[in-house]
Amino acid sequence: MALVIPLLVALMFGCTELGRYFWSQHVLVKAVRDGSVYAARQRIDNFDCTNSTVAAPVVTQTQTLVRTGRLSGGTALLPNWGSGTTVFAIDLACVTSANGTTLGGIYSANSGQVPVITVRASLPFTSMFGLRSGLTLNAREQAAVFGA
């Protein structure tokens with residue numbers, strides 16, 4: 001028993017920690033996906049293809065949604081998901097149609113280009129004992145903006 005119990009305890013905590021890592025990665029990927037869908041459903045005039053910028057309210061609301069799962073208030077979905085420990089970015093790229101023609105309708109406001117939003121998040125993984133393991137959780141999602 002004295003030889004086997006330490007091995008079994010290490011195996012049990014190792015499996016639990018590995019499960020927490022995969023669960024945390026899943027939570028981050030789902031949160032980033034929700035954030036990109038939310039940003040893609042905002043009004044088309046919040047995205048400027050000329051300067052590749054996104055309106056500030058859309059950025060802050062998307063960041064809050066990704067971090068907490070709510071548009072306002074709430075607590076972080078994962079530990080250590082504060083503003084100082086998280087790398088969070090929203091990038092905007094604009095694309096034209098496959099044959100190079102400009103698009104009409106809602107896209108005429110952006111010179112016929114379709115804004116494509118990319119939401120990225122990265123944060124350190126913290127073990128169940130509160131130790132930093134050196135592992136980083138990363139997620140990235142893209143969505144074409146189609147307006148509200």
# chains A, B, ... in the order shown; residues from 1 in each chain; ligands from 1
>>> select_by_dssp(residues="range 7-146 of chain A", states="strand (DSSP E)", output="JSON list (two decimals) with C-alpha atoms, in the first residue's frame")
[["chain", "number", "residue", "atom", "x", "y", "z"],
["A", 47, "PHE", "CA", -17.43, 48.56, -39.06],
["A", 48, "ASP", "CA", -15.23, 50.84, -41.16],
["A", 53, "THR", "CA", -11.73, 49.84, -37.33],
["A", 54, "VAL", "CA", -14.58, 48.61, -35.19],
["A", 87, "VAL", "CA", -4.65, 38.88, -24.45],
["A", 88, "PHE", "CA", -7.83, 39.84, -26.23],
["A", 89, "ALA", "CA", -8.15, 41.29, -29.71],
["A", 90, "ILE", "CA", -10.84, 42.05, -32.25],
["A", 91, "ASP", "CA", -9.49, 42.44, -35.76],
["A", 92, "LEU", "CA", -11.35, 43.59, -38.86],
["A", 93, "ALA", "CA", -10.56, 42.58, -42.41],
["A", 94, "CYS", "CA", -12.65, 43.48, -45.43],
["A", 95, "VAL", "CA", -13.00, 41.25, -48.47],
["A", 114, "VAL", "CA", -17.74, 42.50, -46.58],
["A", 115, "PRO", "CA", -16.31, 43.10, -43.09],
["A", 116, "VAL", "CA", -14.94, 39.94, -41.47],
["A", 117, "ILE", "CA", -14.44, 40.08, -37.71],
["A", 118, "THR", "CA", -11.82, 37.98, -35.90],
["A", 119, "VAL", "CA", -12.01, 37.56, -32.13],
["A", 120, "ARG", "CA", -8.93, 36.19, -30.36],
["A", 121, "ALA", "CA", -8.33, 35.43, -26.69],
["A", 122, "SER", "CA", -5.41, 33.96, -24.82],
["A", 123, "LEU", "CA", -4.94, 33.45, -21.09],
["A", 124, "PRO", "CA", -2.72, 31.41, -18.79],
["A", 125, "PHE", "CA", -4.06, 28.14, -17.42],
["A", 126, "THR", "CA", -4.10, 27.94, -13.63],
["A", 132, "ARG", "CA", 0.64, 28.65, -12.97],
["A", 133, "SER", "CA", 1.63, 25.71, -15.11],
["A", 134, "GLY", "CA", 3.11, 27.56, -18.07],
["A", 135, "LEU", "CA", 0.26, 26.35, -20.30],
["A", 136, "THR", "CA", -1.75, 28.89, -22.25],
["A", 137, "LEU", "CA", -5.33, 28.62, -23.43],
["A", 138, "ASN", "CA", -5.90, 30.07, -26.91],
["A", 139, "ALA", "CA", -8.99, 30.54, -29.06],
["A", 140, "ARG", "CA", -9.74, 32.32, -32.34],
["A", 141, "GLU", "CA", -12.95, 32.66, -34.33],
["A", 142, "GLN", "CA", -13.96, 34.53, -37.50],
["A", 143, "ALA", "CA", -17.37, 35.62, -38.69],
["A", 144, "ALA", "CA", -18.60, 37.68, -41.61]]
>>> residues_around(residues="Arg67 in chain A", least_positions_apart="4", cutoff="7 Å", atoms="only C-alpha atoms", output="PyMOL selection string")
chain A and resi 63+76-77+81
>>> residues_around(residues="range 15-19 of chain A", least_positions_apart="3", cutoff="7 Å", atoms="only C-alpha atoms", output="list in words")
Leu11, Met12, Phe22, Trp23, Ser127 and Met128 of chain A
